[in-house]
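K.L.:
Structure file query34.cif (mmCIF, C-alpha atoms) is given on the next line.
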data_upload
loop_
_atom_site.label_atom_id
_atom_site.label_comp_id
_atom_site.auth_asym_id
_atom_site.auth_seq_id
_atom_site.Cartn_x
_atom_site.Cartn_y
_atom_site.Cartn_z
CA MET A 1 94.14 23.86 154.40
CA ARG A 2 91.83 21.24 152.95
CA HIS A 3 92.44 17.51 153.09
CA GLY A 4 91.99 15.09 150.23
CA LEU A 5 92.57 11.39 149.70
CA HIS A 6 94.92 10.50 146.83
CA VAL A 7 93.56 7.07 145.94
CA PRO A 8 95.18 4.33 143.81
CA ASN A 9 92.77 3.08 141.16
CA PHE A 10 94.11 -0.43 141.80
CA ALA A 11 90.82 -1.76 143.14
CA ALA A 12 87.37 -2.88 142.13
CA PRO A 13 85.18 0.09 141.07
CA ALA A 14 82.55 -0.58 143.72
CA ASP A 15 85.22 -0.58 146.43
CA LEU A 16 86.46 2.84 145.27
CA VAL A 17 82.95 4.26 145.31
CA GLU A 18 82.42 2.93 148.83
CA LEU A 19 85.75 4.46 149.86
CA GLY A 20 84.78 7.87 148.47
CA VAL A 21 81.42 7.86 150.21
CA SER A 22 83.14 6.92 153.47
CA ALA A 23 85.66 9.76 153.01
CA GLU A 24 82.92 12.35 152.58
CA ARG A 25 81.12 11.05 155.63
CA SER A 26 84.35 11.27 157.67
CA GLY A 27 84.95 14.90 156.74
CA TRP A 28 87.54 14.70 153.94
CA ASP A 29 87.35 17.51 151.38
CA GLY A 30 88.39 15.69 148.22
CA VAL A 31 88.85 12.28 146.59
CA LEU A 32 91.35 12.22 143.73
CA LEU A 33 92.02 8.95 141.93
CA TRP A 34 95.22 7.80 140.32
CA ASP A 35 94.92 7.22 136.57
CA HIS A 36 96.70 4.02 135.56
CA VAL A 37 95.67 1.51 132.92
CA TYR A 38 97.38 -1.57 134.37
CA GLY A 39 99.82 -2.58 137.06
CA GLY A 40 102.61 -3.66 134.73
CA PRO A 41 103.87 -7.07 133.59
CA ASP A 42 105.10 -7.98 137.07
CA LEU A 43 102.14 -6.57 139.01
CA PRO A 44 98.86 -8.09 137.83
CA MET A 45 96.11 -6.43 139.83
CA PRO A 46 92.57 -5.11 139.46
CA VAL A 47 92.40 -1.63 137.92
CA ALA A 48 89.29 0.57 137.73
CA ASP A 49 88.76 3.22 135.08
CA PRO A 50 88.96 6.47 137.07
CA TRP A 51 86.44 8.47 135.03
CA VAL A 52 83.68 5.86 135.12
CA THR A 53 84.31 5.45 138.84
CA LEU A 54 84.26 9.22 139.43
CA GLY A 55 80.93 9.44 137.63
CA ALA A 56 79.49 6.94 140.09
CA LEU A 57 81.06 8.85 142.98
CA ALA A 58 79.54 12.11 141.75
CA THR A 59 76.05 10.71 142.14
CA ALA A 60 76.84 9.13 145.53
CA THR A 61 78.39 12.22 147.16
CA SER A 62 77.41 15.86 147.53
CA ARG A 63 80.37 17.81 148.86
CA VAL A 64 83.85 16.39 148.16
CA ARG A 65 86.01 17.56 145.26
CA LEU A 66 86.38 14.77 142.69
CA GLY A 67 89.02 14.21 140.04
CA THR A 68 92.34 12.63 139.16
CA ALA A 69 95.87 13.07 140.37
CA VAL A 70 97.14 12.61 137.85
CA THR A 71 95.85 11.90 134.35
CA PRO A 72 98.60 11.44 131.73
CA VAL A 73 97.08 13.63 129.02
CA PRO A 74 99.54 12.36 126.33
CA ARG A 75 97.94 8.90 126.40
CA ARG A 76 94.41 10.28 126.20
CA ARG A 77 92.44 11.68 123.29
CA PRO A 78 91.88 15.29 124.39
CA SER A 79 88.39 15.35 122.87
CA LYS A 80 87.39 12.29 124.91
CA LEU A 81 89.00 13.62 128.07
CA ALA A 82 87.29 17.01 127.62
CA ARG A 83 83.93 15.28 127.46
CA GLU A 84 84.66 13.08 130.49
CA VAL A 85 85.71 16.00 132.69
CA ALA A 86 82.76 18.16 131.61
CA THR A 87 80.36 15.29 132.28
CA LEU A 88 81.85 14.77 135.75
CA ASP A 89 81.55 18.49 136.42
CA HIS A 90 77.82 18.36 135.64
CA LEU A 91 77.15 15.14 137.54
CA SER A 92 78.92 16.57 140.59
CA GLY A 93 77.43 20.07 140.42
CA GLY A 94 80.77 21.74 139.71
CA ARG A 95 83.14 19.69 141.88
CA ALA A 96 85.50 18.33 139.19
CA VAL A 97 89.25 18.90 139.15
CA LEU A 98 91.77 17.55 136.64
CA GLY A 99 95.30 16.73 137.73
CA VAL A 100 97.68 16.30 134.78
CA GLY A 101 101.19 15.10 134.07
CA LEU A 102 103.33 13.07 131.69
CA GLY A 103 102.51 9.72 133.29
CA ASN A 104 104.56 7.00 134.89
CA PRO A 105 105.72 4.23 134.50
CA PRO A 106 106.80 4.40 130.83
CA GLN A 107 105.43 0.88 130.24
CA GLU A 108 101.93 2.34 130.19
CA TYR A 109 102.99 3.86 126.87
CA THR A 110 105.47 1.35 125.47
CA ALA A 111 103.33 -1.73 126.19
CA PHE A 112 100.80 -0.34 123.73
CA GLY A 113 103.23 0.75 121.02
CA ALA A 114 103.52 4.41 122.02
CA SER A 115 106.63 6.48 122.70
CA ALA A 116 107.52 7.38 126.28
CA ALA A 117 110.15 9.96 125.34
CA PRO A 118 109.75 12.78 127.91
CA ALA A 119 110.18 15.63 125.42
CA GLU A 120 107.48 14.22 123.16
CA LEU A 121 105.14 13.60 126.10
CA ALA A 122 105.65 17.17 127.34
CA SER A 123 104.78 18.54 123.90
CA ARG A 124 101.69 16.33 123.73
CA LEU A 125 100.65 17.42 127.22
CA ASP A 126 100.77 21.10 126.30
CA ASP A 127 98.95 20.44 123.03
CA GLY A 128 96.27 18.46 124.82
CA LEU A 129 95.73 21.13 127.47
CA THR A 130 95.19 23.74 124.79
CA VAL A 131 92.52 21.54 123.21
CA LEU A 132 90.84 20.87 126.55
CA ALA A 133 90.53 24.56 127.36
CA GLY A 134 89.19 25.36 123.90
CA LEU A 135 86.55 22.63 123.97
CA TRP A 136 85.46 23.56 127.50
CA SER A 137 84.72 27.11 126.36
CA GLY A 138 81.40 26.00 124.85
CA GLU A 139 82.21 28.08 121.77
CA PRO A 140 83.20 26.87 118.29
CA PHE A 141 86.89 25.98 118.52
CA SER A 142 89.57 25.31 115.93
CA TYR A 143 93.21 24.45 116.50
CA ASP A 144 96.17 23.25 114.48
CA GLY A 145 98.98 22.16 116.78
CA PRO A 146 102.00 19.89 116.53
CA HIS A 147 99.99 16.83 117.63
CA GLU A 148 96.31 17.79 117.70
CA THR A 149 93.94 19.28 115.14
CA VAL A 150 90.43 20.55 115.80
CA GLU A 151 88.13 21.94 113.13
CA LYS A 152 85.20 24.07 114.30
CA ALA A 153 84.19 21.77 117.15
CA GLN A 154 81.71 23.03 119.73
CA PHE A 155 81.23 20.99 122.90
CA LEU A 156 77.95 21.52 124.76
CA PRO A 157 77.08 21.79 127.51
CA ALA A 158 80.09 23.72 128.75
CA PRO A 159 81.32 22.66 132.20
CA VAL A 160 79.57 24.08 135.24
CA GLN A 161 82.81 25.71 136.40
CA GLN A 162 83.92 28.57 134.22
CA PRO A 163 86.20 29.41 132.57
CA ARG A 164 87.02 25.72 133.16
CA PRO A 165 87.34 23.02 135.80
CA PRO A 166 90.63 23.57 137.65
CA VAL A 167 93.70 22.02 136.03
CA TRP A 168 96.46 21.11 138.49
CA VAL A 169 99.89 20.17 137.12
CA ALA A 170 102.09 17.53 138.77
CA CYS A 171 105.66 18.51 139.72
CA LEU A 172 108.36 16.53 141.51
CA ALA A 173 110.14 18.33 144.34
CA PRO A 174 112.61 19.92 144.48
CA VAL A 175 111.54 21.77 141.33
CA PRO A 176 114.24 23.84 139.56
CA PRO A 177 112.92 27.39 138.96
CA GLY A 178 113.20 27.07 135.18
CA ALA A 179 111.72 23.57 134.96
CA GLY A 180 109.08 22.91 132.32
CA PRO A 181 106.52 21.38 134.71
CA LEU A 182 106.66 24.38 137.03
CA ALA A 183 106.28 26.83 134.14
CA ARG A 184 103.34 24.76 132.94
CA ALA A 185 101.73 24.74 136.38
CA ALA A 186 102.00 28.54 136.58
CA ARG A 187 100.03 28.81 133.31
CA TRP A 188 97.15 26.77 134.72
CA ASP A 189 95.28 26.57 138.01
CA GLY A 190 97.39 24.66 140.49
CA VAL A 191 100.37 22.45 141.25
CA ILE A 192 100.48 18.97 142.78
CA LEU A 193 103.85 18.75 144.50
CA ALA A 194 105.31 15.35 145.41
CA ALA A 195 108.75 14.02 146.35
CA MET A 196 109.70 10.53 145.19
CA THR A 197 112.26 8.07 146.55
CA GLY A 198 114.61 6.28 144.21
CA ALA A 199 112.53 3.13 144.61
CA GLY A 200 109.33 4.85 143.54
CA GLY A 201 108.00 5.55 146.99
CA ILE A 202 106.81 8.92 148.28
CA ASP A 203 108.95 11.10 150.55
CA PRO A 204 107.72 14.07 152.59
CA VAL A 205 107.92 17.30 150.62
CA ALA A 206 110.36 19.59 152.43
CA PRO A 207 108.89 22.93 153.53
CA ASP A 208 111.76 24.74 151.77
CA ASP A 209 110.71 23.08 148.49
CA VAL A 210 107.10 24.12 149.05
CA ARG A 211 108.23 27.70 149.70
CA ALA A 212 110.44 27.80 146.61
CA THR A 213 107.66 26.43 144.40
CA ARG A 214 105.09 28.82 145.85
CA ASP A 215 107.34 31.84 145.39
CA GLU A 216 108.31 30.94 141.82
CA VAL A 217 104.69 30.42 140.79
CA ALA A 218 103.74 33.74 142.39
CA ARG A 219 106.55 35.46 140.51
CA ARG A 220 105.48 33.98 137.18
CA ARG A 221 101.78 34.72 137.70
CA GLY A 222 102.09 38.00 139.54
CA GLY A 223 100.41 36.47 142.59
CA LEU A 224 98.59 33.35 143.70
CA ASP A 225 94.95 34.39 143.21
CA GLY A 226 92.97 31.50 141.80
CA PHE A 227 95.90 29.11 142.15
CA ALA A 228 95.89 25.93 144.28
CA LEU A 229 99.01 24.62 146.00
CA ALA A 230 98.63 20.89 146.75
CA VAL A 231 101.18 18.66 148.49
CA VAL A 232 101.17 14.84 148.44
CA SER A 233 101.92 12.96 151.66
CA ALA A 234 102.35 9.21 152.17
CA GLY A 235 100.04 8.87 155.12
CA PRO A 236 99.12 11.73 157.46
CA PRO A 237 102.20 13.91 158.10
CA ALA A 238 103.47 14.59 161.60
CA ASP A 239 101.94 17.65 163.24
CA PRO A 240 105.04 19.88 162.86
CA LEU A 241 105.15 19.22 159.11
CA ARG A 242 101.40 19.69 158.76
CA ASP A 243 101.69 23.00 160.61
CA ALA A 244 104.54 24.08 158.35
CA TYR A 245 102.46 23.37 155.25
CA ASP A 246 99.58 25.36 156.71
CA GLU A 247 101.83 28.33 157.47
CA LEU A 248 103.22 28.21 153.91
CA GLY A 249 99.73 28.55 152.47
CA VAL A 250 99.29 24.99 151.19
CA ASP A 251 95.69 24.76 150.00
CA TRP A 252 95.41 20.97 149.75
CA LEU A 253 97.12 18.15 151.64
CA LEU A 254 96.65 14.99 149.54
CA VAL A 255 97.19 11.90 151.67
CA THR A 256 97.99 8.69 149.83
CA GLY A 257 98.97 5.07 150.39
CA TRP A 258 98.09 1.65 149.04
CA PRO A 259 94.37 0.81 148.78
CA GLU A 260 94.12 -0.87 152.18
CA GLN A 261 95.79 2.08 153.90
CA VAL A 262 93.64 4.65 152.11
CA ARG A 263 90.48 2.70 152.94
CA GLU A 264 91.36 2.93 156.64
CA LEU A 265 92.06 6.64 156.31
CA ALA A 266 88.72 7.21 154.61
CA ALA A 267 86.91 5.92 157.65
CA THR A 268 88.64 8.41 159.98
CA SER A 269 88.59 12.18 160.29
CA PRO A 270 91.46 13.92 158.50
#
Translate this structure into structure tokens?
P.N.:
Amino acid sequence: MRHGLHVPNFAAPADLVELGVSAERSGWDGVLLWDHVYGGPDLPMPVADPWVTLGALATATSRVRLGTAVTPVPRRRPSKLAREVATLDHLSGGRAVLGVGLGNPPQEYTAFGASAAPAELASRLDDGLTVLAGLWSGEPFSYDGPHETVEKAQFLPAPVQQPRPPVWVACLAPVPPGAGPLARAARWDGVILAAMTGAGGIDPVAPDDVRATRDEVARRRGGLDGFALAVVSAGPPADPLRDAYDELGVDWLLVTGWPEQVRELAATSP
């Protein structure tokens, strides 16, 4: 099981780069940034663009996986996002990973005149992922979907990782077997599993929920080859829970907290 830091992008860019360098030095395996555009009307705070920051981190590190957890694809232009991820993959020598989801809170859509209706966001997410994969192929690509249109576009250079940088899909536990996010995750390269409290905090993901998610993905895919199972934890989990995740085949433990907490974690061994 590998250990990554799940880092809020509510900080100055230079501080996030310093944090990532410290994490690599301390032995962490990945640094994945949140992807928010602002803190909301009641939470004014500094916010760094994750992709610009990750580009700086790519040139300052040599080993850790770098990416987002998670990028709300529906509020991004897929063509721009495809270029950002491919650029990060080259700058990092093939270490990029893209975590995706619908995005939360809804104000990050509605404050800028966009709809936050879940069904529409889910449709836009699937449309955007199709465009991303097509543009990352390095071949001429055309597409006519419900939200996106591409006419004979060829993006070069293709990413270092082929057929694409890994795409991990966010799911909230417990995940019903027929849920759209779980079906989506099974079509791509990984799942980021988190459990949320009613107040927006992060609960421990129950081992039974990890097992159910793992087994359903394996059933849908015919196995787990090439698939990453990631679990989010608010702070380092207790040893019994960590051991349970390891026994269940969790590939990535993503430890999160507020910036000050994550900065302290980055300076210690996972």
K.L.:
Expand the PyMOL selection byres ((chain A and resi 107) around 12) into the explicit residue set it covers here, and present it as a ChimeraX atom specification.
P.N.:
/A:36-43,75,103-106,108-117
K.L.:
Would you put the residues from that selection into a file with C-alpha atoms, as a PDB file, in the coordinates of the input?
P.N.:
ATOM      1  CA  HIS A  36      96.700   4.020 135.560  1.00  0.00           C
ATOM      2  CA  VAL A  37      95.670   1.510 132.920  1.00  0.00           C
ATOM      3  CA  TYR A  38      97.380  -1.570 134.370  1.00  0.00           C
ATOM      4  CA  GLY A  39      99.820  -2.580 137.060  1.00  0.00           C
ATOM      5  CA  GLY A  40     102.610  -3.660 134.730  1.00  0.00           C
ATOM      6  CA  PRO A  41     103.870  -7.070 133.590  1.00  0.00           C
ATOM      7  CA  ASP A  42     105.100  -7.980 137.070  1.00  0.00           C
ATOM      8  CA  LEU A  43     102.140  -6.570 139.010  1.00  0.00           C
ATOM      9  CA  ARG A  75      97.940   8.900 126.400  1.00  0.00           C
ATOM     10  CA  GLY A 103     102.510   9.720 133.290  1.00  0.00           C
ATOM     11  CA  ASN A 104     104.560   7.000 134.890  1.00  0.00           C
ATOM     12  CA  PRO A 105     105.720   4.230 134.500  1.00  0.00           C
ATOM     13  CA  PRO A 106     106.800   4.400 130.830  1.00  0.00           C
ATOM     14  CA  GLU A 108     101.930   2.340 130.190  1.00  0.00           C
ATOM     15  CA  TYR A 109     102.990   3.860 126.870  1.00  0.00           C
ATOM     16  CA  THR A 110     105.470   1.350 125.470  1.00  0.00           C
ATOM     17  CA  ALA A 111     103.330  -1.730 126.190  1.00  0.00           C
ATOM     18  CA  PHE A 112     100.800  -0.340 123.730  1.00  0.00           C
ATOM     19  CA  GLY A 113     103.230   0.750 121.020  1.00  0.00           C
ATOM     20  CA  ALA A 114     103.520   4.410 122.020  1.00  0.00           C
ATOM     21  CA  SER A 115     106.630   6.480 122.700  1.00  0.00           C
ATOM     22  CA  ALA A 116     107.520   7.380 126.280  1.00  0.00           C
ATOM     23  CA  ALA A 117     110.150   9.960 125.340  1.00  0.00           C
TER      24      ALA A 117
END
K.L.:
With only C-alpha atoms as the atoms that count, which of A:Gly94, A:Gly20, A:Gly30, A:Gly128 lies nearest to A:Pro166?
P.N.:
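Closest candidate: A:Gly94.
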K.L.:
Select, from A:Arg184, A:His90, A:His147, A:Arg263, the residue with the minimum atom-to-atom distance to A:Arg77, counting all atoms listed in the file.
P.N.:
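Nearest to A:Arg77: A:His147.
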K.L.:
Please evaluate the PyMOL selection byres ((chain A and resi 19) around 12) against the structure above and give the resulting residues as a ChimeraX atom specification.
P.N.:
/A:5-9,11-18,20-26,28,30-33,53-54,56-57,60-61,259-268
K.L.:
Step by step: start from the point (96.4, 18.3, 149.9) in the file's coordinates, keep every protein, DNA or RNA residue that has an atom no farther than 10 Å from it, count only C-alpha atoms, and write the set as a list in words.
P.N.:
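The residues that fall inside the cut-off are Met1, Arg2, His3, Gly4, Leu5, His6, Asp29, Gly30, Ile192, Leu193, Ala228, Leu229, Ala230, Val231, Val232, Ser233, Tyr245, Val250, Asp251, Trp252, Leu253, Leu254, Val255 and Thr256 of chain A.
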K.L.:
So which one's closest to A:Gly67, A:Gly99, A:Gly222, A:Pro177, A:Gly93? Using all atoms listed in the file, please.
P.N.:
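Checking each of A:Gly99, A:Gly222, A:Pro177, A:Gly93 against A:Gly67, counting all atoms listed in the file, the winner is A:Gly99.
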K.L.:
Using only C-alpha atoms for the distances, tell me which of A:Tyr143, A:Pro78, A:Pro165, A:Leu224 is nearest to A:Arg65.
P.N.:
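For A:Arg65, the nearest of the given residues is A:Pro165.
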K.L.:
For stretch 201-210 of chain A, find every residue with an atom within 7 Å (counting only C-alpha atoms), except residues of its own chain fewer than 4 positions away, and show them as a VMD selection string.
P.N.:
chain A and resid 173 to 174 194 to 197 214 233 to 234 244 to 245
K.L.:
Between atom CA of A:Asp89 and atom CA of A:Trp258, what is the distance in Å, rounded to a tenth?
P.N.:
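Atom CA of A:Trp258 lies 26.8 Å from atom CA of A:Asp89.
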K.L.:
One decimal, in Å: what's the spacing between atom CA of A:Pro50 and atom CA of A:Leu125?
P.N.:
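Calculated distance between atom CA of A:Pro50 and atom CA of A:Leu125 is 18.8 Å.
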K.L.:
Between A:Pro72, A:Gly138, A:Gly249, A:Gly257, which residue has the minimum interatomic distance to A:Trp168, considering only C-alpha atoms?
P.N.:
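With only C-alpha atoms as the atom set, the closest residue is A:Pro72.
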K.L.:
Can you tell me how far atom CA of A:Leu102 sits from atom CA of A:Thr59, in Å to one decimal?
P.N.:
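Interatomic distance, atom CA of A:Leu102 to atom CA of A:Thr59: 29.3 Å.
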K.L.:
Counting only C-alpha atoms, which residue out of A:Gly226, A:Gly180, A:Arg221, A:Arg211 sits closest to A:Glu247?
P.N.:
A:Arg211
K.L.:
Kindly provide, as JSON, the centre and edge lengths (Å, one decimal) of an axis-aligned box around all atoms of stretch 93-97 of chain A given in the file, with 5 Å on each side.
P.N.:
{"center_x": 83.3, "center_y": 20.0, "center_z": 140.5, "size_x": 21.8, "size_y": 13.4, "size_z": 12.7}
K.L.:
Going by the chain IDs and residue numbers used in this file, which residues fall under the PyMOL selection byres ((chain A and resi 133) around 10)? Write them as a ChimeraX atom specification.
P.N.:
/A:78,82,128-132,134-138,141,163-165,167
K.L.:
So that I can see what lies close to A:Glu139, please list as a PDB file with C-alpha atoms, in the coordinates of the input the residues with an atom at most 10 Å from it, counting all atoms listed in the file and leaving out residues fewer than 3 positions away in the same chain.
P.N.:
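Writing done, so here's result-v2.pdb:
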ATOM      1  CA  GLY A 134      89.190  25.360 123.900  1.00  0.00           C
ATOM      2  CA  LEU A 135      86.550  22.630 123.970  1.00  0.00           C
ATOM      3  CA  TRP A 136      85.460  23.560 127.500  1.00  0.00           C
ATOM      4  CA  SER A 142      89.570  25.310 115.930  1.00  0.00           C
ATOM      5  CA  LYS A 152      85.200  24.070 114.300  1.00  0.00           C
ATOM      6  CA  ALA A 153      84.190  21.770 117.150  1.00  0.00           C
ATOM      7  CA  GLN A 154      81.710  23.030 119.730  1.00  0.00           C
ATOM      8  CA  PHE A 155      81.230  20.990 122.900  1.00  0.00           C
ATOM      9  CA  LEU A 156      77.950  21.520 124.760  1.00  0.00           C
ATOM     10  CA  PRO A 157      77.080  21.790 127.510  1.00  0.00           C
ATOM     11  CA  ALA A 158      80.090  23.720 128.750  1.00  0.00           C
TER      12      ALA A 158
END
K.L.:
Take stretch 234-244 of chain A, bring it up to all heavy atoms, and give me the output as a PDB file, in the frame of the given file.
P.N.:
ATOM      1  N   ALA A 234     102.591  10.646 151.975  1.00  0.00           N
ATOM      2  CA  ALA A 234     102.350   9.210 152.170  1.00  0.00           C
ATOM      3  C   ALA A 234     101.893   9.003 153.603  1.00  0.00           C
ATOM      4  O   ALA A 234     102.706   8.931 154.531  1.00  0.00           O
ATOM      5  CB  ALA A 234     103.615   8.420 151.882  1.00  0.00           C
ATOM      6  N   GLY A 235     100.602   8.937 153.786  1.00  0.00           N
ATOM      7  CA  GLY A 235     100.040   8.870 155.120  1.00  0.00           C
ATOM      8  C   GLY A 235      99.965  10.262 155.738  1.00  0.00           C
ATOM      9  O   GLY A 235     100.554  11.212 155.224  1.00  0.00           O
ATOM     10  N   PRO A 236      99.233  10.418 156.815  1.00  0.00           N
ATOM     11  CA  PRO A 236      99.120  11.730 157.460  1.00  0.00           C
ATOM     12  C   PRO A 236     100.489  12.193 157.947  1.00  0.00           C
ATOM     13  O   PRO A 236     101.203  11.441 158.612  1.00  0.00           O
ATOM     14  CB  PRO A 236      98.170  11.460 158.632  1.00  0.00           C
ATOM     15  CG  PRO A 236      97.445  10.206 158.273  1.00  0.00           C
ATOM     16  CD  PRO A 236      98.407   9.383 157.480  1.00  0.00           C
ATOM     17  N   PRO A 237     100.894  13.424 157.636  1.00  0.00           N
ATOM     18  CA  PRO A 237     102.200  13.910 158.100  1.00  0.00           C
ATOM     19  C   PRO A 237     102.175  14.190 159.594  1.00  0.00           C
ATOM     20  O   PRO A 237     101.117  14.389 160.188  1.00  0.00           O
ATOM     21  CB  PRO A 237     102.387  15.197 157.299  1.00  0.00           C
ATOM     22  CG  PRO A 237     100.996  15.670 157.024  1.00  0.00           C
ATOM     23  CD  PRO A 237     100.164  14.431 156.853  1.00  0.00           C
ATOM     24  N   ALA A 238     103.366  14.209 160.196  1.00  0.00           N
ATOM     25  CA  ALA A 238     103.470  14.590 161.600  1.00  0.00           C
ATOM     26  C   ALA A 238     102.995  16.021 161.785  1.00  0.00           C
ATOM     27  O   ALA A 238     103.071  16.833 160.860  1.00  0.00           O
ATOM     28  CB  ALA A 238     104.923  14.448 162.073  1.00  0.00           C
ATOM     29  N   ASP A 239     102.511  16.331 162.984  1.00  0.00           N
ATOM     30  CA  ASP A 239     101.940  17.650 163.240  1.00  0.00           C
ATOM     31  C   ASP A 239     102.867  18.812 162.892  1.00  0.00           C
ATOM     32  O   ASP A 239     102.416  19.809 162.309  1.00  0.00           O
ATOM     33  CB  ASP A 239     101.483  17.755 164.693  1.00  0.00           C
ATOM     34  CG  ASP A 239     100.230  16.932 164.960  1.00  0.00           C
ATOM     35  OD1 ASP A 239      99.558  16.547 163.975  1.00  0.00           O
ATOM     36  OD2 ASP A 239      99.920  16.669 166.142  1.00  0.00           O
ATOM     37  N   PRO A 240     104.172  18.741 163.224  1.00  0.00           N
ATOM     38  CA  PRO A 240     105.040  19.880 162.860  1.00  0.00           C
ATOM     39  C   PRO A 240     105.091  20.121 161.351  1.00  0.00           C
ATOM     40  O   PRO A 240     105.105  21.283 160.912  1.00  0.00           O
ATOM     41  CB  PRO A 240     106.407  19.466 163.413  1.00  0.00           C
ATOM     42  CG  PRO A 240     106.092  18.532 164.528  1.00  0.00           C
ATOM     43  CD  PRO A 240     104.885  17.775 164.064  1.00  0.00           C
ATOM     44  N   LEU A 241     105.119  19.056 160.552  1.00  0.00           N
ATOM     45  CA  LEU A 241     105.150  19.220 159.110  1.00  0.00           C
ATOM     46  C   LEU A 241     103.815  19.729 158.592  1.00  0.00           C
ATOM     47  O   LEU A 241     103.760  20.623 157.731  1.00  0.00           O
ATOM     48  CB  LEU A 241     105.505  17.891 158.440  1.00  0.00           C
ATOM     49  CG  LEU A 241     105.702  17.924 156.920  1.00  0.00           C
ATOM     50  CD1 LEU A 241     106.764  18.937 156.522  1.00  0.00           C
ATOM     51  CD2 LEU A 241     106.061  16.532 156.402  1.00  0.00           C
ATOM     52  N   ARG A 242     102.734  19.206 159.146  1.00  0.00           N
ATOM     53  CA  ARG A 242     101.400  19.690 158.760  1.00  0.00           C
ATOM     54  C   ARG A 242     101.268  21.184 159.070  1.00  0.00           C
ATOM     55  O   ARG A 242     100.757  21.959 158.265  1.00  0.00           O
ATOM     56  CB  ARG A 242     100.320  18.898 159.499  1.00  0.00           C
ATOM     57  CG  ARG A 242      98.894  19.247 159.087  1.00  0.00           C
ATOM     58  CD  ARG A 242      97.902  18.678 160.072  1.00  0.00           C
ATOM     59  NE  ARG A 242      97.959  17.230 160.149  1.00  0.00           N
ATOM     60  CZ  ARG A 242      97.130  16.414 159.518  1.00  0.00           C
ATOM     61  NH1 ARG A 242      96.167  16.906 158.762  1.00  0.00           N
ATOM     62  NH2 ARG A 242      97.248  15.109 159.653  1.00  0.00           N
ATOM     63  N   ASP A 243     101.757  21.584 160.242  1.00  0.00           N
ATOM     64  CA  ASP A 243     101.690  23.000 160.610  1.00  0.00           C
ATOM     65  C   ASP A 243     102.537  23.854 159.675  1.00  0.00           C
ATOM     66  O   ASP A 243     102.142  24.982 159.319  1.00  0.00           O
ATOM     67  CB  ASP A 243     102.164  23.185 162.058  1.00  0.00           C
ATOM     68  CG  ASP A 243     101.211  22.572 163.074  1.00  0.00           C
ATOM     69  OD1 ASP A 243     100.051  22.289 162.707  1.00  0.00           O
ATOM     70  OD2 ASP A 243     101.634  22.360 164.228  1.00  0.00           O
ATOM     71  N   ALA A 244     103.684  23.333 159.269  1.00  0.00           N
ATOM     72  CA  ALA A 244     104.540  24.080 158.350  1.00  0.00           C
ATOM     73  C   ALA A 244     103.853  24.278 157.008  1.00  0.00           C
ATOM     74  O   ALA A 244     103.913  25.372 156.421  1.00  0.00           O
ATOM     75  CB  ALA A 244     105.875  23.351 158.170  1.00  0.00           C
TER      76      ALA A 244
END
